[in-house]
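Asker: Sharing start-v1.cif (mmCIF, C-alpha atoms) below.
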data_protein
#
loop_
_atom_site.label_atom_id
_atom_site.label_comp_id
_atom_site.auth_asym_id
_atom_site.auth_seq_id
_atom_site.Cartn_x
_atom_site.Cartn_y
_atom_site.Cartn_z
CA MET A 1 188.71 23.40 184.08
CA ARG A 2 189.12 25.99 181.31
CA TRP A 3 185.42 25.50 180.45
CA ILE A 4 184.43 25.93 184.12
CA HIS A 5 186.48 29.14 184.42
CA ALA A 6 185.00 30.48 181.17
CA ALA A 7 181.50 29.64 182.32
CA GLY A 8 182.21 31.33 185.64
CA ARG A 9 183.42 34.47 183.90
CA GLY A 10 180.34 34.41 181.66
CA LEU A 11 178.06 34.03 184.66
CA LEU A 12 179.80 36.95 186.37
CA VAL A 13 179.31 39.15 183.29
CA LEU A 14 175.65 38.13 183.13
CA ILE A 15 175.16 39.01 186.81
CA VAL A 16 176.80 42.41 186.29
CA VAL A 17 174.62 43.15 183.24
CA LEU A 18 171.42 42.04 184.99
CA THR A 19 172.34 44.05 188.08
CA GLY A 20 172.81 47.12 185.92
CA HIS A 21 169.42 46.62 184.28
CA ILE A 22 167.72 46.13 187.64
CA ALA A 23 169.38 49.24 189.06
CA SER A 24 168.37 51.20 185.97
CA GLY A 25 164.80 50.00 186.30
CA ALA A 26 164.68 50.95 189.95
CA ARG A 27 166.12 54.34 189.10
CA ASP A 28 163.98 55.19 186.07
CA GLY A 29 160.90 53.07 186.24
CA GLY A 30 160.28 51.73 189.70
CA ALA A 31 159.28 48.16 190.30
CA GLY A 32 157.39 47.94 187.03
CA GLY A 33 160.29 49.27 184.97
CA ASP A 34 157.86 51.45 182.98
CA GLY A 35 158.91 54.87 184.29
CA ARG A 36 156.04 55.03 186.80
CA GLY A 37 156.11 55.43 190.56
CA PRO A 38 156.03 58.02 193.37
CA LEU A 39 157.04 61.61 192.66
CA THR A 40 158.15 64.75 194.42
CA LEU A 41 156.91 68.11 193.11
CA ALA A 42 158.91 71.20 194.09
CA THR A 43 157.36 74.65 193.93
CA ALA A 44 157.67 78.09 195.43
CA GLY A 45 155.49 78.69 198.48
CA ASP A 46 151.78 78.20 197.73
CA LEU A 47 150.40 81.45 199.12
CA THR A 48 146.74 80.50 198.60
CA GLY A 49 147.04 76.88 199.73
CA TYR A 50 145.20 75.46 196.71
CA LEU A 51 147.83 73.09 195.33
CA GLY A 52 147.62 70.50 198.11
CA SER A 53 143.93 69.86 197.42
CA VAL A 54 144.58 69.63 193.67
CA LEU A 55 147.25 66.98 194.26
CA GLU A 56 144.91 65.04 196.57
CA GLY A 57 142.78 64.32 193.51
CA TRP A 58 145.79 62.85 191.70
CA ASN A 59 146.87 60.80 194.71
CA ARG A 60 143.43 59.26 195.15
CA ALA A 61 143.33 58.19 191.51
CA HIS A 62 147.00 57.11 191.35
CA PRO A 63 147.92 55.45 194.66
CA ASP A 64 151.08 53.90 193.17
CA GLU A 65 152.23 57.27 191.80
CA ARG A 66 151.62 59.46 194.81
CA VAL A 67 153.01 62.99 194.72
CA THR A 68 154.76 64.60 197.67
CA LEU A 69 154.61 68.39 197.57
CA VAL A 70 157.71 70.32 198.67
CA GLU A 71 157.14 74.04 199.15
CA LEU A 72 160.27 76.17 198.86
CA PRO A 73 160.54 79.82 199.97
CA ASP A 74 158.17 82.47 198.59
CA SER A 75 161.13 84.40 197.16
CA ALA A 76 161.80 83.50 193.53
CA ASP A 77 165.55 83.93 194.00
CA GLU A 78 165.65 81.55 196.98
CA THR A 79 163.43 79.00 195.23
CA ARG A 80 165.67 79.02 192.18
CA ALA A 81 168.79 78.59 194.32
CA GLN A 82 167.36 75.58 196.16
CA MET A 83 166.18 73.95 192.95
CA ILE A 84 169.60 74.37 191.34
CA THR A 85 171.33 72.90 194.39
CA ASP A 86 169.09 69.83 194.07
CA LEU A 87 169.58 69.56 190.31
CA ARG A 88 173.37 69.76 190.70
CA ALA A 89 173.47 67.08 193.40
CA ALA A 90 176.22 64.57 192.72
CA GLY A 91 173.92 61.69 193.61
CA ARG A 92 170.20 61.70 193.01
CA GLY A 93 168.31 64.86 193.89
CA ARG A 94 164.95 64.89 195.66
CA PHE A 95 162.85 66.68 193.06
CA ASP A 96 161.21 64.96 190.08
CA VAL A 97 158.85 67.65 188.80
CA LEU A 98 159.69 71.34 189.09
CA ASN A 99 157.27 74.26 189.00
CA ILE A 100 159.68 76.84 187.59
CA ASP A 101 159.36 80.51 186.77
CA VAL A 102 158.93 80.94 183.01
CA SER A 103 162.20 82.88 182.83
CA TRP A 104 164.23 79.90 184.10
CA THR A 105 163.31 77.46 181.32
CA SER A 106 166.13 78.46 178.99
CA GLU A 107 168.74 78.44 181.75
CA PHE A 108 167.69 75.03 183.11
CA ALA A 109 167.47 73.52 179.61
CA ALA A 110 170.86 74.86 178.51
CA ALA A 111 172.45 73.45 181.66
CA GLY A 112 170.96 70.00 181.01
CA TRP A 113 169.02 70.00 184.29
CA ILE A 114 165.59 69.28 182.77
CA ARG A 115 164.47 66.77 180.15
CA PRO A 116 163.10 67.64 176.71
CA LEU A 117 159.45 66.62 176.41
CA PRO A 118 157.46 65.20 173.48
CA ARG A 119 154.99 67.79 172.22
CA ASP A 120 152.35 65.22 171.33
CA ARG A 121 151.81 64.25 174.99
CA PHE A 122 150.33 67.63 175.85
CA PRO A 123 147.40 69.64 174.39
CA LEU A 124 149.50 72.67 173.52
CA GLY A 125 147.00 73.80 170.90
CA THR A 126 144.41 74.51 173.61
CA PHE A 127 146.71 76.93 175.46
CA LEU A 128 146.87 80.69 175.00
CA PRO A 129 149.23 81.08 172.02
CA ARG A 130 151.90 83.18 173.70
CA VAL A 131 152.54 80.91 176.65
CA VAL A 132 154.03 77.93 174.80
CA ASP A 133 157.05 80.00 173.72
CA THR A 134 158.10 80.37 177.37
CA ALA A 135 158.48 76.58 177.62
CA THR A 136 160.83 76.13 174.65
CA TYR A 137 164.56 76.45 174.21
CA ASP A 138 166.57 76.03 171.03
CA GLY A 139 163.45 74.86 169.20
CA ARG A 140 162.56 72.07 171.65
CA LEU A 141 159.89 71.76 174.34
CA TYR A 142 161.50 71.54 177.79
CA ALA A 143 158.49 72.28 179.98
CA VAL A 144 154.72 72.69 179.82
CA PRO A 145 152.98 75.98 180.69
CA TYR A 146 151.04 75.69 183.95
CA VAL A 147 150.15 79.23 185.03
CA THR A 148 150.42 82.37 182.97
CA ASN A 149 150.38 86.01 184.00
CA ALA A 150 150.53 89.51 182.61
CA GLY A 151 150.76 92.83 184.33
CA LEU A 152 147.62 94.94 184.80
CA LEU A 153 147.14 98.54 185.84
CA LEU A 154 144.95 98.63 188.94
CA TYR A 155 143.32 102.00 189.62
CA ARG A 156 140.98 103.67 192.09
CA ALA A 157 137.77 103.68 190.09
CA ASP A 158 136.01 105.86 192.66
CA VAL A 159 138.63 108.61 192.40
CA LEU A 160 138.69 108.67 188.60
CA ALA A 161 134.88 108.66 188.48
CA ALA A 162 134.72 111.60 190.91
CA GLU A 163 137.13 113.53 188.70
CA GLY A 164 135.38 112.53 185.46
CA VAL A 165 138.62 111.03 184.13
CA PRO A 166 138.82 107.71 182.24
CA PRO A 167 141.51 105.12 183.08
CA PRO A 168 144.82 106.07 181.45
CA ARG A 169 145.74 104.52 178.10
CA THR A 170 149.11 106.26 177.66
CA TRP A 171 152.10 107.13 179.80
CA ALA A 172 151.25 110.84 179.45
CA GLU A 173 147.73 110.27 180.80
CA LEU A 174 149.08 108.17 183.67
CA GLU A 175 151.69 110.79 184.58
CA ARG A 176 149.16 113.61 184.47
CA ALA A 177 146.67 111.85 186.73
CA ALA A 178 149.35 110.56 189.12
CA ARG A 179 150.89 114.04 189.40
CA THR A 180 147.70 116.12 189.72
CA LEU A 181 144.75 113.98 190.85
CA ALA A 182 146.46 111.75 193.41
CA PRO A 183 147.54 114.60 195.75
CA ARG A 184 144.00 116.02 195.75
CA HIS A 185 142.78 112.78 197.30
CA GLY A 186 145.71 112.30 199.68
CA LEU A 187 147.20 109.48 197.58
CA ASP A 188 150.54 108.60 196.07
CA GLY A 189 150.48 108.45 192.30
CA TYR A 190 151.91 105.27 190.82
CA ALA A 191 153.94 102.26 191.93
CA GLY A 192 155.22 98.99 190.60
CA GLN A 193 157.81 96.59 191.96
CA PHE A 194 160.95 98.68 192.12
CA LEU A 195 163.15 97.02 194.76
CA PRO A 196 166.28 95.55 193.07
CA TYR A 197 165.02 91.97 192.58
CA GLU A 198 163.31 90.04 189.80
CA GLY A 199 160.26 92.31 189.93
CA LEU A 200 162.34 95.30 188.88
CA THR A 201 163.64 93.34 185.89
CA VAL A 202 160.01 92.73 184.89
CA ASN A 203 159.01 96.39 185.29
CA ALA A 204 162.06 97.58 183.38
CA ALA A 205 161.52 95.08 180.55
CA GLU A 206 157.89 96.19 180.24
CA ALA A 207 158.98 99.81 179.93
CA VAL A 208 161.54 98.97 177.24
CA TYR A 209 159.21 96.64 175.33
CA SER A 210 156.34 99.13 175.45
CA ALA A 211 158.51 101.79 173.87
CA GLY A 212 159.30 99.37 171.05
CA GLY A 213 162.67 98.08 172.22
CA THR A 214 164.21 94.76 173.24
CA ILE A 215 166.97 93.71 175.62
CA LEU A 216 168.43 90.52 174.12
CA GLY A 217 167.95 88.62 170.89
CA ASP A 218 168.82 85.21 169.44
CA GLU A 219 168.35 83.24 172.70
CA GLY A 220 170.59 85.67 174.56
CA GLU A 221 173.46 85.66 172.06
CA ARG A 222 172.92 89.25 170.91
CA VAL A 223 172.52 92.40 173.03
CA THR A 224 169.90 94.76 171.60
CA VAL A 225 169.22 97.13 174.49
CA ASP A 226 171.20 100.16 173.25
CA SER A 227 168.29 101.93 171.58
CA ARG A 228 166.11 105.02 171.67
CA ALA A 229 163.26 102.84 172.97
CA ALA A 230 165.29 101.66 175.97
CA ARG A 231 166.25 105.23 176.83
CA GLU A 232 162.59 106.27 176.60
CA GLY A 233 161.45 103.35 178.79
CA LEU A 234 164.02 103.92 181.53
CA GLY A 235 163.38 107.65 181.27
CA PHE A 236 159.70 107.10 182.07
CA LEU A 237 160.56 105.25 185.30
CA ALA A 238 163.36 107.63 186.36
CA ARG A 239 161.24 110.69 185.66
CA GLY A 240 158.45 109.38 187.86
CA VAL A 241 160.73 109.16 190.90
CA ARG A 242 162.42 112.47 190.15
CA GLU A 243 159.10 114.33 189.78
CA GLY A 244 157.49 112.57 192.74
CA TRP A 245 154.50 110.86 191.12
CA ILE A 246 156.33 107.59 191.85
CA PRO A 247 156.91 107.79 195.63
CA GLN A 248 160.34 107.08 197.08
CA GLN A 249 158.76 104.30 199.15
CA ALA A 250 158.03 102.42 195.92
CA LEU A 251 161.77 101.80 195.51
CA THR A 252 161.38 99.29 198.36
CA TYR A 253 158.31 97.50 196.97
CA LYS A 254 158.04 93.90 195.88
CA GLU A 255 154.70 92.39 194.82
CA GLU A 256 153.29 92.03 198.31
CA GLU A 257 154.38 95.45 199.60
CA SER A 258 152.97 97.23 196.54
CA LYS A 259 149.71 95.25 196.76
CA GLN A 260 149.36 96.18 200.42
CA ALA A 261 149.95 99.88 199.70
CA PHE A 262 147.16 99.86 197.10
CA GLN A 263 144.86 97.69 199.21
CA ASN A 264 145.29 100.01 202.18
CA GLY A 265 144.19 102.99 200.11
CA ARG A 266 147.55 104.73 199.64
CA LEU A 267 147.90 104.57 195.81
CA LEU A 268 145.94 105.85 192.84
CA PHE A 269 147.61 103.47 190.34
CA LEU A 270 149.46 100.17 190.73
CA ARG A 271 151.15 97.88 188.26
CA ASN A 272 150.82 94.30 189.55
CA TRP A 273 149.66 90.81 188.66
CA PRO A 274 145.94 89.86 188.68
CA TYR A 275 146.11 88.31 192.16
CA ALA A 276 146.46 91.85 193.53
CA TYR A 277 143.10 92.76 191.96
CA VAL A 278 141.48 89.78 193.70
CA ALA A 279 142.98 90.75 197.07
CA ALA A 280 142.11 94.44 196.73
CA SER A 281 138.50 93.59 195.82
CA ALA A 282 137.98 91.08 198.64
CA PRO A 283 135.98 91.78 201.80
CA GLY A 284 138.17 93.48 204.38
CA SER A 285 140.15 95.46 201.83
CA GLU A 286 139.91 99.22 202.35
CA VAL A 287 139.31 99.69 198.61
CA ALA A 288 136.87 96.81 198.02
CA GLY A 289 134.30 97.88 195.42
CA LYS A 290 136.48 100.81 194.32
CA VAL A 291 138.99 99.00 192.08
CA GLY A 292 139.28 98.83 188.33
CA ALA A 293 141.81 97.13 186.05
CA VAL A 294 142.96 97.90 182.51
CA PRO A 295 145.93 96.86 180.36
CA LEU A 296 149.16 98.64 181.20
CA PRO A 297 149.51 101.97 179.39
CA GLY A 298 152.39 102.64 177.02
CA PRO A 299 153.80 105.65 175.17
CA ASP A 300 151.01 105.68 172.58
CA GLY A 301 148.46 103.18 173.91
CA ALA A 302 148.42 99.72 175.45
CA ALA A 303 151.81 98.57 176.67
CA THR A 304 153.59 95.26 176.20
CA SER A 305 153.48 93.38 179.47
CA VAL A 306 156.09 90.84 180.43
CA LEU A 307 154.66 87.34 180.32
CA GLY A 308 154.77 85.91 183.81
CA GLY A 309 153.73 82.58 185.26
CA SER A 310 155.33 79.20 185.69
CA ASN A 311 156.10 76.04 183.72
CA LEU A 312 156.24 72.41 184.80
CA ALA A 313 159.48 70.61 183.97
CA VAL A 314 160.84 67.10 184.56
CA ALA A 315 164.22 66.95 186.28
CA ARG A 316 166.96 65.15 184.38
CA HIS A 317 167.40 62.79 187.34
CA ALA A 318 163.64 62.16 187.80
CA ARG A 319 163.03 58.66 189.19
CA HIS A 320 159.82 58.02 187.26
CA PRO A 321 159.73 60.16 184.11
CA ASP A 322 156.56 58.66 182.68
CA SER A 323 154.64 59.39 185.87
CA ALA A 324 156.13 62.88 185.84
CA ALA A 325 154.80 63.51 182.33
CA ARG A 326 151.40 62.08 183.29
CA LEU A 327 151.25 64.37 186.33
CA ILE A 328 152.02 67.38 184.14
CA ALA A 329 149.23 66.39 181.74
CA TYR A 330 146.87 66.16 184.73
CA LEU A 331 147.85 69.56 186.14
CA THR A 332 147.35 71.21 182.74
CA SER A 333 143.99 69.53 182.05
CA GLU A 334 141.01 71.86 181.73
CA ARG A 335 139.42 70.58 184.94
CA VAL A 336 142.51 71.28 187.04
CA GLN A 337 143.22 74.54 185.25
CA ARG A 338 139.76 75.70 186.31
CA GLN A 339 140.74 74.96 189.92
CA VAL A 340 144.00 76.86 189.46
CA LEU A 341 141.85 79.93 188.83
CA THR A 342 138.95 79.35 191.23
CA ARG A 343 140.97 78.03 194.18
CA GLY A 344 144.35 79.63 193.60
CA ALA A 345 143.32 82.93 191.93
CA LEU A 346 146.06 82.24 189.38
CA PRO A 347 145.62 82.80 185.63
CA PRO A 348 145.22 79.48 183.77
CA VAL A 349 146.88 78.63 180.46
CA ARG A 350 143.76 77.07 178.87
CA ALA A 351 142.31 79.58 176.40
CA ALA A 352 138.69 78.40 176.68
CA LEU A 353 138.46 79.40 180.36
CA TYR A 354 138.83 83.08 179.45
CA ASP A 355 135.54 82.92 177.52
CA ASP A 356 133.54 81.17 180.25
CA PRO A 357 130.65 83.48 181.28
CA GLY A 358 130.48 82.07 184.81
CA LEU A 359 134.19 82.63 185.40
CA ILE A 360 134.01 86.14 183.94
CA ARG A 361 131.23 87.03 186.39
CA ARG A 362 133.39 85.82 189.24
CA PHE A 363 136.68 87.23 187.89
CA PRO A 364 135.71 90.31 185.86
CA TYR A 365 139.31 91.08 184.93
CA LEU A 366 139.61 87.92 182.76
CA PRO A 367 138.92 89.60 179.38
CA THR A 368 141.44 92.33 180.19
CA LEU A 369 143.98 89.74 181.32
CA ARG A 370 143.49 87.69 178.15
CA GLU A 371 144.12 90.82 176.07
CA SER A 372 147.29 91.54 178.05
CA VAL A 373 148.59 87.96 177.82
CA LEU A 374 148.06 87.82 174.06
CA ALA A 375 150.05 91.05 173.66
CA ALA A 376 152.74 90.12 176.18
CA ALA A 377 156.37 89.17 175.58
CA PRO A 378 158.68 86.86 177.56
CA ARG A 379 161.60 88.11 179.57
CA PRO A 380 164.93 87.98 177.73
CA LYS A 381 165.84 84.37 176.96
CA SER A 382 169.36 83.45 177.99
CA PRO A 383 171.22 80.45 179.42
CA HIS A 384 172.69 83.03 181.84
CA TYR A 385 169.36 84.56 182.77
CA ASP A 386 170.15 84.95 186.46
CA GLN A 387 173.15 87.14 185.61
CA VAL A 388 171.16 89.06 183.00
CA SER A 389 168.50 89.84 185.58
CA LEU A 390 171.03 90.95 188.21
CA VAL A 391 172.59 93.37 185.73
CA VAL A 392 169.20 94.84 184.77
CA GLN A 393 168.16 95.23 188.41
CA ALA A 394 171.35 97.03 189.44
CA VAL A 395 171.51 99.39 186.48
CA VAL A 396 167.82 100.31 186.41
CA HIS A 397 167.80 100.94 190.15
CA ASP A 398 170.72 103.34 189.73
CA ALA A 399 168.76 105.17 187.03
CA MET A 400 165.63 105.40 189.18
CA THR A 401 167.53 106.69 192.21
CA GLY A 402 169.29 109.33 190.10
CA ARG A 403 172.78 107.85 190.33
CA GLN A 404 172.90 107.62 186.52
CA THR A 405 171.01 109.26 183.71
CA PRO A 406 168.82 106.96 181.60
CA GLU A 407 171.20 107.50 178.69
CA ALA A 408 174.24 106.43 180.73
CA ALA A 409 172.28 103.52 182.21
CA VAL A 410 171.42 102.16 178.77
CA ARG A 411 175.06 102.33 177.65
CA ARG A 412 176.11 100.54 180.84
CA LEU A 413 173.42 97.90 180.31
CA ALA A 414 174.72 97.20 176.81
CA THR A 415 178.30 96.82 178.03
CA GLU A 416 177.53 94.61 181.03
CA LEU A 417 175.03 92.41 179.17
CA ALA A 418 177.56 91.88 176.40
CA ALA A 419 180.04 90.63 179.00
CA VAL A 420 177.44 88.22 180.39
CA SER A 421 176.45 86.92 176.94
CA SER A 422 180.08 86.20 175.99
CA ARG A 423 180.65 83.80 178.92
#
Would you put the structure from the file into structure tokens?
Answerer:
Amino acid sequence: MRWIHAAGRGLLVLIVVLTGHIASGARDGGAGGDGRGPLTLATAGDLTGYLGSVLEGWNRAHPDERVTLVELPDSADETRAQMITDLRAAGRGRFDVLNIDVSWTSEFAAAGWIRPLPRDRFPLGTFLPRVVDTATYDGRLYAVPYVTNAGLLLYRADVLAAEGVPPPRTWAELERAARTLAPRHGLDGYAGQFLPYEGLTVNAAEAVYSAGGTILGDEGERVTVDSRAAREGLGFLARGVREGWIPQQALTYKEEESKQAFQNGRLLFLRNWPYAYVAASAPGSEVAGKVGAVPLPGPDGAATSVLGGSNLAVARHARHPDSAARLIAYLTSERVQRQVLTRGALPPVRAALYDDPGLIRRFPYLPTLRESVLAAAPRPKSPHYDQVSLVVQAVVHDAMTGRQTPEAAVRRLATELAAVSSR
């Protein structure tokens, strides 16, 4: 009887162990237990509708690893909030692969929401050099660059040609043209994305970086913003509003509103991403055939743009991590990256595409964009990036609306960012 009871206990232990292994296999590897199976890809709203057709190619070739696309809101803040809610779910979340803004990589990695990835699974050496840094945190790869971006200065080529003035290379040249030439042609001078949201953080960081400053250092552990360069950068933006060559209306602009203002023929100069050049040059635009693009100007020459774009990451709770990594390799392949540009009008991360003569004929801004990306810098890295960005937005907006001087705004930035970094 003792032997029977012992055997029964042993059988019970064996059943529990096997059940655990089966459950683990179902959770992490599907029926095959090899980490492969269906996936869900979460992304912000696909404004050009290209991604569905790209994923159809994967689904045809991988019927057992089909991808379901979930489009979240167009707003970056709302997309981030929904992704975090899913990643924090007590049970298993819905999302396996995440198309995240490059500025979220550090935050998501530090929180343990995304998995570290092996570098040797992805052709990182074929990417534009700057972009890989946006996918790392604490020396490890936590995502793979998918789309890159850098700010460009769009300008009315017809107006500058009529005045015999070249595109501006410096802030002084931009100010002069925006203040004197724009009114002669019934235009506002210059705009960026100045509503208090993530776009204002980008514009402010570009101004600080271009003047030679920084905002944070050491992965967000050190505040470096209290500098002459930061005062000069914020002074440039605040002066534009005060003197009127940045219109008051621009304080309400996000990407789409600013693009529309330029596309409708109301602006001489616009800081925006390359997609705005494509839209402004398309048939039906009031400025089609009248648009040029150059790198952003800075105090003494070309500015330092903020590196934009998105990275692909694997959620910590992903059901099929091997399939997730394989999907990321597919989406960053040269063939698909070409479609990202030609179908989605989004800047690819593959360096070779920027030298393709056929693509340059179709997208003449590519050489300028490549130059801007190679000189760009990421937004401040911090595990508390959302709070960092909120502080920057609030303080810079107060400086631009005249509630604080640039000098006082920089001191306030240093104090509030130090409080965030110490949490």
Asker: Taking into account all atoms listed in the file, which residue in the set A:Pro183, A:Pro383, A:Gly358, A:Gly199 is nearest to Phe108 (chain A)?
Answerer: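 Closest candidate: A:Pro383.
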Asker: Of the candidates A:Arg338, A:Arg130, A:Arg239, A:Arg326, which shows the shortest atom-to-atom distance to Glu175 (chain A), using all atoms listed in the file?
Answerer: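 When distances to Glu175 (chain A) are compared using all atoms listed in the file, the smallest one comes from A:Arg239.
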Asker: For each of A:Leu128, A:Ala329, A:Ala150, A:Leu237, take the minimum atom-to-atom distance to Leu346 (chain A), counting only C-alpha atoms, then give the residue where this is smallest.
Answerer: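 Closest residue, counting only C-alpha atoms: A:Ala150.
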Asker: Measuring atom to atom with all atoms listed in the file, identify which of A:Glu206, A:Asp322, A:Glu163, A:Asp120 is nearest to Ala376 (chain A).
Answerer: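 Among A:Glu206, A:Asp322, A:Glu163, A:Asp120, it is A:Glu206 that comes nearest to Ala376 (chain A).
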Asker: To one decimal in Å, tell me the separation between CA of Gly186 (chain A) and CA of Arg156 (chain A).
Answerer: 12.4 Å
Asker: Using only C-alpha atoms, list the residues that have an atom at most 8 Å from (154.9, 69.1, 200.0), coordinates as in the file, as a list of chain:residue names.
Answerer: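 These residues have at least one counted atom within 8 Å: A:Thr40, A:Leu41, A:Ala42, A:Gly52, A:Thr68, A:Leu69, A:Val70, A:Glu71.
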Asker: For the residues in the current selection, export C-alpha atoms as a PDB file, keeping the file's coordinate frame.
Answerer:
ATOM      1  CA  THR A  40     158.150  64.750 194.420  1.00  0.00           C
ATOM      2  CA  LEU A  41     156.910  68.110 193.110  1.00  0.00           C
ATOM      3  CA  ALA A  42     158.910  71.200 194.090  1.00  0.00           C
ATOM      4  CA  GLY A  52     147.620  70.500 198.110  1.00  0.00           C
ATOM      5  CA  THR A  68     154.760  64.600 197.670  1.00  0.00           C
ATOM      6  CA  LEU A  69     154.610  68.390 197.570  1.00  0.00           C
ATOM      7  CA  VAL A  70     157.710  70.320 198.670  1.00  0.00           C
ATOM      8  CA  GLU A  71     157.140  74.040 199.150  1.00  0.00           C
TER       9      GLU A  71
END
Asker: Which neighbours of Phe262 (chain A) fall inside 9 Å, counting all atoms listed in the file, when residues of the same chain fewer than 5 positions from it are skipped, and could you give them as a list in words?
Answerer: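 Final neighbour list, sorted by chain and number: Leu154, Tyr155, Arg156, Ala191, Glu257, Leu267, Leu268, Phe269, Leu270, Ala276, Ala280, Glu286 and Val287 of chain A.
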Asker: Could you write those residues out with C-alpha atoms, as a short mmCIF file (atom, residue, chain, number, x, y, z; two decimals), in the coordinates of the input?
Answerer:
data_model
loop_
_atom_site.label_atom_id
_atom_site.label_comp_id
_atom_site.auth_asym_id
_atom_site.auth_seq_id
_atom_site.Cartn_x
_atom_site.Cartn_y
_atom_site.Cartn_z
CA LEU A 154 144.95 98.63 188.94
CA TYR A 155 143.32 102.00 189.62
CA ARG A 156 140.98 103.67 192.09
CA ALA A 191 153.94 102.26 191.93
CA GLU A 257 154.38 95.45 199.60
CA LEU A 267 147.90 104.57 195.81
CA LEU A 268 145.94 105.85 192.84
CA PHE A 269 147.61 103.47 190.34
CA LEU A 270 149.46 100.17 190.73
CA ALA A 276 146.46 91.85 193.53
CA ALA A 280 142.11 94.44 196.73
CA GLU A 286 139.91 99.22 202.35
CA VAL A 287 139.31 99.69 198.61
#
Asker: Rebuild region 383-395 of chain A so that it carries N, CA and C atoms, then output the result as a compact mmCIF listing (two decimals), keeping the file's coordinate frame.
Answerer:
# COMPACT_ATOMS: atom_id res chain seq x y z
N PRO A 383 170.75 81.49 178.51
CA PRO A 383 171.22 80.45 179.42
C PRO A 383 171.88 81.03 180.68
N HIS A 384 172.12 82.34 180.66
CA HIS A 384 172.69 83.03 181.84
C HIS A 384 171.67 84.00 182.41
N TYR A 385 170.40 83.59 182.43
CA TYR A 385 169.36 84.56 182.77
C TYR A 385 169.55 85.16 184.15
N ASP A 386 170.01 84.40 185.12
CA ASP A 386 170.15 84.95 186.46
C ASP A 386 171.11 86.13 186.46
N GLN A 387 172.20 86.04 185.69
CA GLN A 387 173.15 87.14 185.61
C GLN A 387 172.58 88.31 184.82
N VAL A 388 171.83 88.01 183.76
CA VAL A 388 171.16 89.06 183.00
C VAL A 388 170.25 89.86 183.91
N SER A 389 169.45 89.16 184.71
CA SER A 389 168.50 89.84 185.58
C SER A 389 169.21 90.69 186.64
N LEU A 390 170.29 90.17 187.20
CA LEU A 390 171.03 90.95 188.21
C LEU A 390 171.58 92.24 187.62
N VAL A 391 172.08 92.17 186.39
CA VAL A 391 172.59 93.37 185.73
C VAL A 391 171.46 94.39 185.53
N VAL A 392 170.32 93.94 185.02
CA VAL A 392 169.20 94.84 184.77
C VAL A 392 168.75 95.49 186.07
N GLN A 393 168.60 94.69 187.13
CA GLN A 393 168.16 95.23 188.41
C GLN A 393 169.08 96.34 188.90
N ALA A 394 170.38 96.07 188.89
CA ALA A 394 171.35 97.03 189.44
C ALA A 394 171.37 98.32 188.63
N VAL A 395 171.39 98.20 187.32
CA VAL A 395 171.51 99.39 186.48
C VAL A 395 170.24 100.22 186.51
